[in-house]
$ cat protein.cif   # mmCIF, C-alpha atoms
data_my_file
loop_
_atom_site.label_atom_id
_atom_site.label_comp_id
_atom_site.auth_asym_id
_atom_site.auth_seq_id
_atom_site.Cartn_x
_atom_site.Cartn_y
_atom_site.Cartn_z
CA MET A 1 196.60 20.07 -134.38
CA THR A 2 196.79 21.51 -137.86
CA THR A 3 198.18 25.03 -137.52
CA PRO A 4 201.35 25.31 -139.66
CA VAL A 5 204.49 26.67 -138.07
CA ARG A 6 207.59 28.17 -139.61
CA ARG A 7 209.59 25.10 -138.60
CA GLY A 8 208.14 23.26 -141.60
CA ARG A 9 205.84 20.69 -140.01
CA THR A 10 202.76 20.93 -137.82
CA LEU A 11 203.07 20.36 -134.11
CA ARG A 12 201.05 17.17 -134.54
CA GLN A 13 203.54 15.85 -137.08
CA ARG A 14 206.48 16.68 -134.83
CA LEU A 15 204.83 15.03 -131.84
CA LEU A 16 204.24 11.89 -133.88
CA THR A 17 208.00 11.51 -134.23
CA TYR A 18 208.40 11.36 -130.46
CA ILE A 19 205.28 9.23 -130.01
CA THR A 20 206.30 6.65 -132.60
CA SER A 21 209.79 6.38 -131.17
CA GLY A 22 208.48 6.06 -127.62
CA ILE A 23 206.00 3.34 -128.53
CA GLY A 24 208.70 1.40 -130.34
CA ARG A 25 211.13 1.55 -127.42
CA LEU A 26 208.53 0.65 -124.81
CA THR A 27 207.06 -2.28 -126.74
CA ALA A 28 210.57 -3.54 -127.52
CA ALA A 29 211.24 -3.74 -123.78
CA TRP A 30 208.02 -5.72 -123.24
CA ARG A 31 208.92 -8.02 -126.13
CA ILE A 32 211.89 -9.27 -124.12
CA LEU A 33 209.46 -10.58 -121.53
CA THR A 34 206.86 -12.05 -123.88
CA THR A 35 209.55 -13.82 -125.89
CA ALA A 36 210.89 -15.31 -122.65
CA GLN A 37 207.41 -16.49 -121.67
CA THR A 38 206.98 -18.23 -125.01
CA ALA A 39 210.37 -19.90 -124.61
CA LEU A 40 209.58 -21.12 -121.09
CA LEU A 41 206.24 -22.55 -122.19
CA ALA A 42 207.93 -24.31 -125.09
CA ALA A 43 210.51 -25.79 -122.73
CA LEU A 44 207.80 -26.84 -120.29
CA GLY A 45 206.09 -28.74 -123.09
CA THR A 46 209.16 -30.96 -123.46
CA ILE A 47 209.69 -31.62 -119.74
CA ARG A 48 208.30 -34.79 -118.21
CA PRO A 49 206.46 -33.87 -114.98
CA SER A 50 208.01 -35.21 -111.79
CA ARG A 51 206.64 -35.28 -108.26
CA ASN A 52 210.13 -35.71 -106.84
CA GLY A 53 211.19 -32.17 -107.41
CA ILE A 54 212.07 -29.63 -110.06
CA SER A 55 213.91 -31.14 -112.99
CA ARG A 56 217.27 -29.85 -114.15
CA ARG A 57 215.75 -28.91 -117.50
CA PHE A 58 213.14 -26.77 -115.79
CA ARG A 59 215.78 -25.10 -113.64
CA THR A 60 217.67 -24.19 -116.81
CA ALA A 61 214.52 -22.79 -118.43
CA ALA A 62 213.60 -20.89 -115.26
CA THR A 63 217.08 -19.37 -115.06
CA ALA A 64 216.77 -18.16 -118.65
CA PHE A 65 213.37 -16.65 -117.85
CA ASN A 66 214.70 -14.84 -114.78
CA THR A 67 217.60 -13.49 -116.86
CA ALA A 68 215.12 -12.16 -119.41
CA LEU A 69 212.96 -10.71 -116.63
CA ALA A 70 215.95 -8.74 -115.35
CA ALA A 71 216.69 -7.57 -118.90
CA PHE A 72 213.08 -6.44 -119.29
CA ASP A 73 213.28 -4.52 -116.02
CA ARG A 74 216.44 -2.71 -117.13
CA ALA A 75 215.10 -1.92 -120.60
CA ALA A 76 211.70 -0.73 -119.39
CA ARG A 77 213.21 1.45 -116.66
CA ALA A 78 215.72 2.87 -119.14
CA PHE A 79 212.84 3.82 -121.41
CA ALA A 80 210.94 5.47 -118.55
CA GLU A 81 214.00 7.44 -117.47
CA GLY A 82 214.84 8.55 -121.01
CA TRP A 83 211.24 9.46 -121.83
CA VAL A 84 210.77 11.75 -118.84
CA ALA A 85 214.31 13.18 -118.75
CA THR A 86 214.81 13.79 -122.48
CA ASP A 87 211.69 13.34 -124.61
CA LEU A 88 209.12 15.13 -122.45
CA PRO A 89 211.22 18.31 -122.03
CA LEU A 90 211.70 18.42 -125.82
CA ILE A 91 207.97 17.88 -126.33
CA TYR A 92 207.24 20.66 -123.83
CA ARG A 93 209.52 22.98 -125.79
CA GLU A 94 207.74 22.02 -129.03
CA GLY A 95 204.44 23.09 -127.48
CA ALA A 96 205.94 26.40 -126.38
CA TRP A 97 207.47 26.97 -129.81
CA ALA A 98 204.14 26.32 -131.53
CA MET A 99 202.36 28.83 -129.27
CA LEU A 100 204.95 31.52 -129.92
CA ASP A 101 204.89 30.87 -133.65
CA SER A 102 201.09 31.08 -133.80
CA ALA A 103 201.40 34.56 -132.26
CA ASP A 104 204.00 35.47 -134.91
CA ARG A 105 206.77 35.55 -132.32
CA ASP A 106 210.20 34.03 -132.77
CA PRO A 107 210.06 30.47 -131.34
CA ASP A 108 213.73 30.74 -130.44
CA SER A 109 212.85 33.40 -127.89
CA PHE A 110 211.59 30.61 -125.59
CA THR A 111 213.70 30.16 -122.45
CA TRP A 112 213.42 27.73 -119.57
CA THR A 113 212.10 29.96 -116.82
CA ASP A 114 211.51 28.69 -113.30
CA ARG A 115 207.80 28.32 -114.05
CA HIS A 116 208.45 26.24 -117.16
CA ARG A 117 210.93 24.08 -115.26
CA ALA A 118 208.42 23.56 -112.47
CA ALA A 119 205.72 22.57 -114.96
CA ILE A 120 207.81 19.95 -116.75
CA THR A 121 209.30 18.65 -113.50
CA GLY A 122 205.87 18.00 -112.00
CA THR A 123 204.55 16.40 -115.17
CA SER A 124 207.62 14.21 -115.60
CA ALA A 125 207.52 12.98 -112.01
CA GLN A 126 203.88 11.93 -112.35
CA TYR A 127 204.42 10.08 -115.63
CA TYR A 128 207.60 8.40 -114.39
CA ALA A 129 205.71 7.08 -111.37
CA ASP A 130 202.97 5.77 -113.69
CA PHE A 131 205.46 3.83 -115.82
CA ILE A 132 207.37 2.45 -112.84
CA GLY A 133 204.11 1.25 -111.32
CA ARG A 134 203.28 -0.63 -114.53
CA ILE A 135 206.75 -2.16 -114.67
CA GLN A 136 206.62 -3.33 -111.08
CA GLU A 137 203.15 -4.83 -111.56
CA THR A 138 204.37 -6.67 -114.66
CA ILE A 139 207.34 -8.10 -112.78
CA ARG A 140 205.00 -9.33 -110.05
CA ARG A 141 202.80 -11.00 -112.66
CA ALA A 142 205.84 -12.54 -114.39
CA ARG A 143 206.99 -14.09 -111.12
CA ALA A 144 203.49 -15.45 -110.53
CA PHE A 145 203.65 -17.04 -113.98
CA LEU A 146 207.02 -18.62 -113.18
CA ARG A 147 205.61 -20.12 -109.97
CA ALA A 148 202.64 -21.52 -111.90
CA ALA A 149 205.00 -23.01 -114.50
CA GLN A 150 207.05 -24.58 -111.72
CA ASP A 151 203.92 -26.16 -110.25
CA ALA A 152 203.00 -27.42 -113.71
CA SER A 153 206.39 -29.11 -114.06
CA ARG A 154 205.48 -31.26 -111.03
CA ASP A 155 201.96 -32.15 -112.14
CA THR A 156 201.95 -35.81 -113.19
CA GLY A 157 198.18 -35.97 -113.55
CA GLY A 158 198.16 -34.63 -117.11
CA ARG A 159 196.08 -31.63 -116.14
CA VAL A 160 198.54 -29.02 -117.32
CA SER A 161 197.53 -26.91 -120.34
CA LEU A 162 200.23 -24.66 -121.74
CA GLU A 163 197.60 -22.53 -123.46
CA ARG A 164 195.75 -22.13 -120.18
CA LEU A 165 198.97 -21.04 -118.48
CA ARG A 166 199.37 -18.36 -121.12
CA ARG A 167 195.73 -17.30 -120.80
CA ASP A 168 195.95 -17.11 -117.01
CA HIS A 169 199.23 -15.16 -117.14
CA PRO A 170 199.15 -12.98 -120.27
CA LEU A 171 202.38 -11.00 -119.98
CA ASP A 172 201.63 -9.26 -123.28
CA THR A 173 198.90 -7.25 -121.55
CA VAL A 174 198.60 -4.59 -118.86
CA ILE A 175 195.81 -4.54 -116.29
CA TYR A 176 193.45 -1.57 -116.02
CA ALA A 177 190.70 -0.93 -113.50
CA ARG A 178 188.27 -3.78 -112.76
CA ASN A 179 190.91 -6.28 -113.94
CA ALA A 180 190.43 -5.32 -117.59
CA ARG A 181 193.39 -6.41 -119.68
CA HIS A 182 194.66 -4.51 -122.70
CA PRO A 183 197.43 -5.42 -125.18
CA VAL A 184 200.74 -3.80 -124.33
CA GLU A 185 200.99 -2.02 -127.68
CA ALA A 186 197.51 -0.48 -127.30
CA TRP A 187 198.32 0.66 -123.76
CA ALA A 188 201.71 2.04 -124.81
CA ARG A 189 200.16 3.97 -127.69
CA ALA A 190 197.45 5.45 -125.47
CA ALA A 191 199.78 6.32 -122.57
CA ILE A 192 202.55 7.86 -124.64
CA THR A 193 200.18 9.81 -126.88
CA TRP A 194 198.30 11.13 -123.86
CA GLN A 195 201.52 12.22 -122.18
CA ALA A 196 202.92 13.87 -125.31
CA VAL A 197 199.78 15.85 -126.15
CA THR A 198 199.18 16.84 -122.53
CA THR A 199 202.77 18.01 -122.12
CA ALA A 200 202.79 20.03 -125.35
CA ASN A 201 199.47 21.69 -124.57
CA THR A 202 200.53 22.46 -121.01
CA ALA A 203 203.58 24.22 -122.43
CA ALA A 204 201.41 26.12 -124.92
CA ALA A 205 199.04 27.37 -122.23
CA ARG A 206 201.87 28.30 -119.87
CA THR A 207 203.66 30.16 -122.68
CA ALA A 208 200.51 32.05 -123.65
CA LEU A 209 200.26 33.46 -120.15
CA ASP A 210 203.92 33.99 -119.31
CA GLU A 211 205.43 35.03 -122.64
CA LEU A 212 202.45 36.45 -124.52
CA GLY A 213 200.57 37.94 -121.56
CA THR A 214 197.13 36.65 -122.53
CA GLU A 215 194.73 34.75 -120.30
CA TRP A 216 192.52 33.70 -123.22
CA LEU A 217 192.97 30.81 -125.62
CA GLU A 218 191.01 29.65 -128.61
CA VAL A 219 190.49 25.89 -128.67
CA ARG A 220 190.67 23.73 -131.77
CA ASP A 221 189.63 20.11 -131.30
CA GLY A 222 187.64 17.30 -132.82
CA ALA A 223 184.08 18.37 -133.56
CA ASP A 224 182.57 15.89 -131.10
CA CYS A 225 185.21 16.09 -128.36
CA GLY A 226 184.06 17.26 -124.95
CA TRP A 227 186.11 19.59 -122.79
CA GLU A 228 186.78 17.44 -119.70
CA SER A 229 186.34 14.07 -121.42
CA HIS A 230 185.48 12.97 -124.91
CA ASP A 231 181.82 12.37 -124.00
CA SER A 232 181.36 15.60 -122.05
CA ALA A 233 178.38 17.70 -123.10
CA ASP A 234 180.60 20.79 -122.88
CA LYS A 235 182.17 20.72 -126.34
CA ALA A 236 185.70 22.04 -126.78
CA ASP A 237 186.12 22.92 -130.45
CA ARG A 238 186.02 26.62 -131.34
CA THR A 239 185.47 27.85 -127.81
CA LEU A 240 187.32 30.38 -125.67
CA ARG A 241 188.98 29.15 -122.49
CA THR A 242 191.10 30.75 -119.83
CA VAL A 243 194.69 29.63 -119.45
CA GLN A 244 193.83 28.17 -116.04
CA ASP A 245 191.06 26.06 -117.58
CA ALA A 246 193.45 24.97 -120.33
CA LEU A 247 196.07 23.95 -117.78
CA ALA A 248 193.42 21.90 -115.95
CA HIS A 249 192.33 20.16 -119.17
CA PRO A 250 195.18 20.19 -121.70
CA SER A 251 193.69 17.09 -123.33
CA ALA A 252 190.51 15.07 -122.93
CA HIS A 253 191.59 11.56 -123.91
CA PRO A 254 194.38 9.60 -125.62
CA ASN A 255 194.86 10.61 -129.26
CA CYS A 256 193.18 13.93 -128.52
CA GLN A 257 193.61 16.55 -131.26
CA ARG A 258 193.28 19.53 -128.94
CA GLN A 259 195.26 22.63 -129.79
CA PHE A 260 195.40 26.06 -128.16
CA LEU A 261 195.78 29.32 -130.06
CA PRO A 262 196.51 32.66 -128.35
CA ARG A 263 193.90 35.41 -128.40
CA LEU A 264 196.01 38.50 -127.97
CA ASP A 265 193.04 40.65 -128.94
CA LEU A 266 191.30 39.66 -125.69
CA ILE A 267 194.05 40.73 -123.29
CA GLY A 268 192.46 42.54 -120.37
CA ARG A 269 188.92 41.53 -121.23
CA THR A 270 186.96 40.44 -118.16
CA SER A 271 183.42 40.08 -119.52
CA ILE A 272 184.04 36.81 -121.37
CA ARG A 273 182.82 33.49 -120.06
CA SER A 274 185.28 30.60 -120.26
CA GLY A 275 183.69 28.08 -122.58
CA ALA A 276 181.94 30.65 -124.74
CA ALA A 277 181.52 29.59 -128.34
CA LEU A 278 183.23 31.61 -131.05
#

$ encode --input "protein.cif" --output "structure tokens"
Amino acid sequence: MTTPVRRGRTLRQRLLTYITSGIGRLTAAWRILTTAQTALLAALGTIRPSRNGISRRFRTAATAFNTALAAFDRAARAFAEGWVATDLPLIYREGAWAMLDSADRDPDSFTWTDRHRAAITGTSAQYYADFIGRIQETIRRARAFLRAAQDASRDTGGRVSLERLRRDHPLDTVIYARNARHPVEAWARAAITWQAVTTANTAAARTALDELGTEWLEVRDGADCGWESHDSADKADRTLRTVQDALAHPSAHPNCQRQFLPRLDLIGRTSIRSGAAL
């Protein structure tokens, strides 16, 4: 995304402000939980195992962990709510502004029509559900870790390994398909970047059709990036696409550089194939 706009910075640069802030807030919420896990493991290392029940020292450590778990839940949910209610609408507007500016129209002419509201509402609801699902899964895993730590506090056979407990219950990761685990920061960067770029490009495509009256967009992207996914044989860069195709594929992958430019000179043209190279 390298097209300059009159607002002084490229769209990519402006999106990075939102992306960096979002990553920082989300990882800060997760840090509450990982710090609590480290503290509980440290406390467990000083507790003498007892078969007769849970020691008072473990109860104290468990209470502190549960308090931190509740704090994590509040902080993570607050991020999700703020991201979809405040950040994403602003990012959507940035995408619309960039489209208008690239057509030499006043960006301040953008207004929140019913179609724009519907677009951001649908997008926000989907992304909010994604984040809440991750948060709930993390809470489930944190409680499983606490149960395992409780069992370890009763194990008098010397079989407990604090490092193994951490390896078996890595709360600094999120779980993808096929049980693949990824560091929280890497997941947060990918998820937030994907959402920001997708939202901005959705706004750009919607604005091209509604405000500029063109169904055709010129695509700028990484030279090797495919249209539907990064590895797709159908390359995206310097091709013409319809607005409907652009709305279906506003980005191909996290950290995608895709940008749409309006082709006002093609308004009314029907003999062009979507995907045609420039």

$ resolve_selection --input "protein.cif" --expression "the PyMOL selection byres ((chain A and resi 128) around 12)" --output "list in words"
Ala76, Arg77, Ala78, Phe79, Ala80, Glu81, Gly82, Trp83, Val84, Ala85, Leu88, Ile120, Thr121, Gly122, Thr123, Ser124, Ala125, Gln126, Tyr127, Ala129, Asp130, Phe131, Ile132, Gly133, Arg134, Ile135, Ala191, Ile192 and Gln195 of chain A

$ atom_distance --input "protein.cif" --atom1 "CA of Ala186 in chain A" --atom2 "CA of Leu33 in chain A"
16.7 Å

$ residues_around --input "protein.cif" --residues "His230 in chain A" --least-positions-apart "4" --cutoff "6 Å" --atoms "all atoms listed in the file" --output "ChimeraX atom specification"
/A:225-226,252

$ write_last_selection --input "protein.cif" --atoms "C-alpha atoms" --output "compact mmCIF listing (two decimals), keeping the file's coordinate frame"
# COMPACT_ATOMS: atom_id res chain seq x y z
CA CYS A 225 185.21 16.09 -128.36
CA GLY A 226 184.06 17.26 -124.95
CA ALA A 252 190.51 15.07 -122.93

$ closest_residue --input "protein.cif" --among "A:Thr111, A:Gln136, A:Thr86, A:Thr239" --to "Arg74 in chain A" --atoms "only C-alpha atoms"
A:Gln136

$ resolve_selection --input "protein.cif" --expression "the PyMOL selection byres ((chain A and resi 258) around 10)" --output "MDAnalysis selection string"
chainID A and resid 1:2 12 197:198 201 219:222 225 227 236:237 249:253 255:257 259:260
